[in-house]
Structure formats: C-alpha cells, structure tokens
Amino acid sequence: MKLYVTPGSPYARMARIVVIEKELGNRVETIVAQTRTADSPYYNINPSGRVPYLMRDDGIGYEESALICAYLDHLDNRPAFDLPVGAEPWEGWRMEAHARSLLDGLAVWGREMARSKNEQSPATIEHERARGERMTRYWESKSDHPVMQGALNMAQLTLACALGLEVRNSDFVWRTRNPKLAAWYDRIAERPSFKATVPPRA
C-alpha cells in the first residue's frame, strides 16, 4: 500500500504515527506528495489533492485521516487506537471531536499564515488564534479525563498532533497558561513515533 503525505500536515502525521505504532512499515510505503502545485502528478492519484491518502494494493483509495487511521489500525484485527467504550460509549467520540476542533482551527490558521502578507486575512487569523486559546484552556481542564489517559487512542492522537503544530506557528503559544496540558503532551511527545514525525518548522 502507498500512503501519500506531506511532512507538515498534522492529518498526515496521524496516519504516519499509526504506521509506526502498528509496525506496518513493511506493508505501507510512505510517499511525500506534491500538493498546492498546478498540474501536480499527485492529482492524478487523488483528485482532491489532500493528504493523507492511502492507496490500497487493489487500487482503492482512502481519504481522510480518521478513516485511514482506523483502516490501518484494523489491518491485523487487533485494533489499538479504538476509543475506550465504557458506561458512556459516546464519551470517547465526544472528546475526539473536541480535539479535532482544535486541530482544524489550527490548520486554518497555519494555512492563512502561509499566504503572502498582502493576501492574509487578519480577521481569520485572530479568529483562529482566539479559538486556539479557548480550546487549549478547555483541554487544560480535561487533560486528566479518563479518555485522555491510558493507552494511546484516536482522541489522544488527534489532540497531540494539534498541539505539535506549535513548531510550525510561533504565535500558537499555549504552554505557559496550560501547565497540565503541557505535561500531558510532553509525555506523549516522547514516544518514538512522535519523535520520528515531528513536522518541519514553517
């Protein structure tokens, strides 16, 4: 199988981490895609141009990080990243959705900052900066939630990949005001899979 990624994408990073954690390197070839470029050959593989994108050996392609992570996780019929199911079966999905909200907002912020200065929208940047501040404050109060403890799962993976965007956005300053969250993140960031997939600085 072929996994198309870009080094700076937090969504692609999620899939790359699952490949490493599940020891799928012999089954999945990771390929850096050329995106946001006119007439990129990658568009013949995935017309949307988004990453990650997983092309199965039979030619069927999967787009969207959560779907790809779930597919890779279930290849051996021993899923490790499934959200915990307890007395509140929706709780894991609820926490993952909150983590995805932070990730999506930071991604919008990052894309806006990547535009040339005269094309940037200050209103969009400020909106996403404020969202990031609110969401990290929320996660400071939830870092000890049962879903966010124990074995690595999709809610934890999503949140950690969002917080890891600090290396690409120097204006995303969240640690000082959120020491519990910083400690939570730093523990996960020590995993070899996270160290191997640190995004490049913008």
# chains A, B, ... in the order shown; residues from 1 in each chain; ligands from 1
>>> select_by_dssp(residues="stretch 49-193 of chain A", states="alpha helix (DSSP H)", output="VMD selection string")
chain A and resid 65 to 73 91 to 114 122 to 142 154 to 163 179 to 189 192 to 193
>>> residues_around(residues="stretch 184-190 of chain A", least_positions_apart="3", cutoff="7 Å", atoms="only C-alpha atoms", output="CSV table (one decimal) with N, CA and C atoms, in the first residue's frame")
chain,number,residue,atom,x,y,z
A,143,SER,N,-7.3,17.4,30.6
A,143,SER,CA,-6.1,16.6,30.3
A,143,SER,C,-6.1,15.3,31.2
A,160,ALA,N,-2.7,15.5,20.4
A,160,ALA,CA,-1.3,15.6,20.4
A,160,ALA,C,-0.8,16.2,19.1
A,180,LYS,N,-0.7,21.7,33.0
A,180,LYS,CA,-1.2,20.3,33.0
A,180,LYS,C,-1.2,19.8,31.6
A,181,LEU,N,-1.7,20.6,30.6
A,181,LEU,CA,-1.8,20.1,29.2
A,181,LEU,C,-0.4,20.0,28.7
A,194,PHE,N,6.2,9.7,17.7
A,194,PHE,CA,6.1,11.2,17.6
A,194,PHE,C,7.4,11.9,17.3
A,195,LYS,N,8.5,11.4,17.9
A,195,LYS,CA,9.8,11.9,17.6
A,195,LYS,C,10.1,11.8,16.1
>>> closest_residue(among="A:Gln156, A:Thr37, A:Asn178, A:Ser141", to="A:Met14", atoms="only C-alpha atoms")
A:Gln156
>>> closest_residue(among="A:Ser170, A:Thr176, A:Asn153, A:Asn44", to="A:Gly110", atoms="only C-alpha atoms")
A:Ser170
>>> atom_distance(atom1="atom CA of A:Pro47", atom2="atom CA of A:Leu163")
29.1 Å
>>> closest_atom_pairs(of="stretch 2-21 of chain A", to="stretch 51-75 of chain A", cutoff="6 Å", atoms="only C-alpha atoms", output="tab-separated table")
residue	atom	partner	partner_atom	distance
A:Lys2	CA	A:Met55	CA	5.1
A:Leu3	CA	A:Leu54	CA	4.5
A:Tyr4	CA	A:Tyr53	CA	5.1
A:Val5	CA	A:Pro52	CA	5.0
A:Tyr11	CA	A:Ser65	CA	5.6
A:Ala12	CA	A:Pro52	CA	4.6
A:Ala15	CA	A:Cys69	CA	5.3
>>> write_last_selection(atoms="C-alpha atoms", output="PDB file, in the first residue's frame")
ATOM      1  CA  LYS A   2       1.040   3.589  -0.536  1.00  0.00           C
ATOM      2  CA  LEU A   3       0.451   6.374   1.983  1.00  0.00           C
ATOM      3  CA  TYR A   4       0.717   9.859   0.498  1.00  0.00           C
ATOM      4  CA  VAL A   5       1.655  12.578   2.970  1.00  0.00           C
ATOM      5  CA  TYR A  11      -3.517  14.972   9.500  1.00  0.00           C
ATOM      6  CA  ALA A  12      -0.877  13.025   7.599  1.00  0.00           C
ATOM      7  CA  ALA A  15      -1.524   8.265   9.792  1.00  0.00           C
TER       8      ALA A  15
END
>>> atom_distance(atom1="atom CA of A:Thr30", atom2="atom CA of A:Arg201")
20.3 Å
>>> closest_residue(among="A:Arg168, A:Arg137, A:Arg177, A:Arg36", to="A:Pro200", atoms="only C-alpha atoms")
A:Arg168
>>> closest_residue(among="A:Thr136, A:Asn26, A:Ser116, A:Ser121", to="A:Arg175", atoms="only C-alpha atoms")
A:Thr136
>>> residues_around(residues="A:Pro10", least_positions_apart="3", cutoff="9 Å", atoms="only C-alpha atoms", output="ChimeraX atom specification")
/A:6-7,13-14,103,107,158,161-162,164-165,199
>>> write_last_selection(atoms="C-alpha atoms", output="JSON list (two decimals), in the first residue's frame")
[["chain", "number", "residue", "atom", "x", "y", "z"],
["A", 6, "THR", "CA", 3.28, 15.97, 3.35],
["A", 7, "PRO", "CA", 5.76, 16.47, 6.20],
["A", 13, "ARG", "CA", 1.18, 12.85, 10.77],
["A", 14, "MET", "CA", -1.63, 10.96, 12.47],
["A", 103, "LEU", "CA", -6.73, 20.69, 15.08],
["A", 107, "ALA", "CA", -4.78, 24.11, 10.37],
["A", 158, "THR", "CA", -5.65, 13.94, 17.42],
["A", 161, "CYS", "CA", -0.91, 16.25, 16.65],
["A", 162, "ALA", "CA", -2.79, 19.53, 17.11],
["A", 164, "GLY", "CA", 2.50, 19.66, 17.96],
["A", 165, "LEU", "CA", 1.72, 22.43, 15.49],
["A", 199, "PRO", "CA", 6.80, 18.44, 11.44]]
>>> closest_residue(among="A:Val19, A:Gly8, A:Ala155, A:Pro179", to="A:Arg100", atoms="only C-alpha atoms")
A:Ala155
>>> atom_distance(atom1="atom CA of A:Met95", atom2="atom CA of A:His145")
9.2 Å
>>> closest_residue(among="A:Ala114, A:Leu83, A:Ala202, A:Ile31", to="A:Val147", atoms="only C-alpha atoms")
A:Leu83
>>> select_by_dssp(residues="stretch 47-88 of chain A", states="strand (DSSP E)", output="ChimeraX atom specification")
/A:53-55,61-63
>>> decode(residues="stretch 5-118 of chain A", atoms="C-alpha atoms", output="compact mmCIF listing (two decimals), in the first residue's frame")
# COMPACT_ATOMS: atom_id res chain seq x y z
CA VAL A 5 1.65 12.58 2.97
CA THR A 6 3.28 15.97 3.35
CA PRO A 7 5.76 16.47 6.20
CA GLY A 8 3.95 19.47 7.68
CA SER A 9 0.41 18.10 7.66
CA PRO A 10 -0.88 17.16 11.14
CA TYR A 11 -3.52 14.97 9.50
CA ALA A 12 -0.88 13.02 7.60
CA ARG A 13 1.18 12.85 10.77
CA MET A 14 -1.63 10.96 12.47
CA ALA A 15 -1.52 8.27 9.79
CA ARG A 16 2.28 8.15 9.85
CA ILE A 17 2.20 7.61 13.61
CA VAL A 18 -0.25 4.72 13.27
CA VAL A 19 2.03 3.09 10.68
CA ILE A 20 4.93 3.28 13.12
CA GLU A 21 2.98 2.27 16.22
CA LYS A 22 1.46 -0.72 14.43
CA GLU A 23 4.80 -1.68 12.82
CA LEU A 24 3.36 -1.53 9.32
CA GLY A 25 6.48 -0.23 7.60
CA ASN A 26 6.81 -3.42 5.57
CA ARG A 27 3.24 -3.13 4.30
CA VAL A 28 2.88 0.63 3.80
CA GLU A 29 5.17 2.77 1.67
CA THR A 30 5.09 6.43 2.72
CA ILE A 31 5.40 8.87 -0.18
CA VAL A 32 5.71 12.65 0.01
CA ALA A 33 3.05 14.13 -2.27
CA GLN A 34 3.38 17.36 -4.22
CA THR A 35 0.37 19.44 -3.22
CA ARG A 36 -0.83 23.00 -3.82
CA THR A 37 1.00 22.99 -7.14
CA ALA A 38 -0.65 23.39 -10.53
CA ASP A 39 -0.71 20.19 -12.58
CA SER A 40 0.91 18.09 -9.85
CA PRO A 41 1.10 14.39 -10.82
CA TYR A 42 -0.41 13.67 -7.41
CA TYR A 43 -3.77 14.99 -8.63
CA ASN A 44 -3.98 12.00 -10.97
CA ILE A 45 -3.81 9.79 -7.89
CA ASN A 46 -6.06 11.82 -5.60
CA PRO A 47 -8.09 14.48 -7.45
CA SER A 48 -8.79 16.43 -4.24
CA GLY A 49 -5.07 16.91 -3.65
CA ARG A 50 -5.48 16.43 0.09
CA VAL A 51 -3.32 14.34 2.39
CA PRO A 52 -3.18 11.81 3.83
CA TYR A 53 -4.30 9.47 1.09
CA LEU A 54 -3.96 5.69 1.28
CA MET A 55 -3.89 3.66 -1.91
CA ARG A 56 -4.57 0.00 -1.28
CA ASP A 57 -2.87 -2.68 -3.33
CA ASP A 58 -6.14 -3.28 -5.19
CA GLY A 59 -6.27 0.35 -6.34
CA ILE A 60 -8.95 1.53 -3.91
CA GLY A 61 -8.05 4.86 -2.31
CA TYR A 62 -8.95 6.17 1.14
CA GLU A 63 -9.00 9.85 2.05
CA GLU A 64 -9.47 11.48 5.49
CA SER A 65 -7.15 10.86 8.39
CA ALA A 66 -9.64 9.23 10.78
CA LEU A 67 -10.72 6.70 8.13
CA ILE A 68 -7.13 5.90 7.16
CA CYS A 69 -6.01 5.54 10.76
CA ALA A 70 -8.92 3.21 11.52
CA TYR A 71 -8.23 1.10 8.43
CA LEU A 72 -4.53 0.76 9.23
CA ASP A 73 -5.27 0.02 12.88
CA HIS A 74 -7.66 -2.81 11.97
CA LEU A 75 -5.44 -4.50 9.38
CA ASP A 76 -4.25 -7.08 11.89
CA ASN A 77 -7.67 -7.47 13.55
CA ARG A 78 -6.09 -6.21 16.78
CA PRO A 79 -7.05 -2.53 16.87
CA ALA A 80 -5.03 -0.49 19.34
CA PHE A 81 -6.38 3.01 18.72
CA ASP A 82 -10.11 2.44 19.14
CA LEU A 83 -11.68 4.79 21.64
CA PRO A 84 -12.49 3.23 25.03
CA VAL A 85 -16.07 2.09 25.45
CA GLY A 86 -17.41 2.15 28.98
CA ALA A 87 -20.52 3.33 30.75
CA GLU A 88 -20.57 6.36 28.43
CA PRO A 89 -19.88 4.93 24.95
CA TRP A 90 -20.21 8.33 23.26
CA GLU A 91 -17.67 9.98 25.53
CA GLY A 92 -14.63 8.94 23.51
CA TRP A 93 -16.09 10.27 20.28
CA ARG A 94 -17.08 13.47 22.05
CA MET A 95 -13.53 14.02 23.23
CA GLU A 96 -12.12 13.18 19.82
CA ALA A 97 -14.46 15.76 18.25
CA HIS A 98 -13.19 18.45 20.64
CA ALA A 99 -9.62 17.51 19.75
CA ARG A 100 -10.49 17.70 16.05
CA SER A 101 -11.97 21.18 16.56
CA LEU A 102 -8.64 22.42 17.87
CA LEU A 103 -6.73 20.69 15.08
CA ASP A 104 -8.98 22.04 12.33
CA GLY A 105 -8.79 25.60 13.65
CA LEU A 106 -5.00 25.47 13.90
CA ALA A 107 -4.78 24.11 10.37
CA VAL A 108 -6.84 27.03 9.04
CA TRP A 109 -4.63 29.44 10.99
CA GLY A 110 -1.49 27.85 9.60
CA ARG A 111 -2.71 27.93 6.00
CA GLU A 112 -3.62 31.59 6.38
CA MET A 113 -0.17 32.41 7.76
CA ALA A 114 1.42 30.61 4.82
CA ARG A 115 -0.15 33.04 2.37
CA SER A 116 1.76 36.12 1.33
CA LYS A 117 1.33 39.01 3.76
CA ASN A 118 -0.87 41.06 1.44
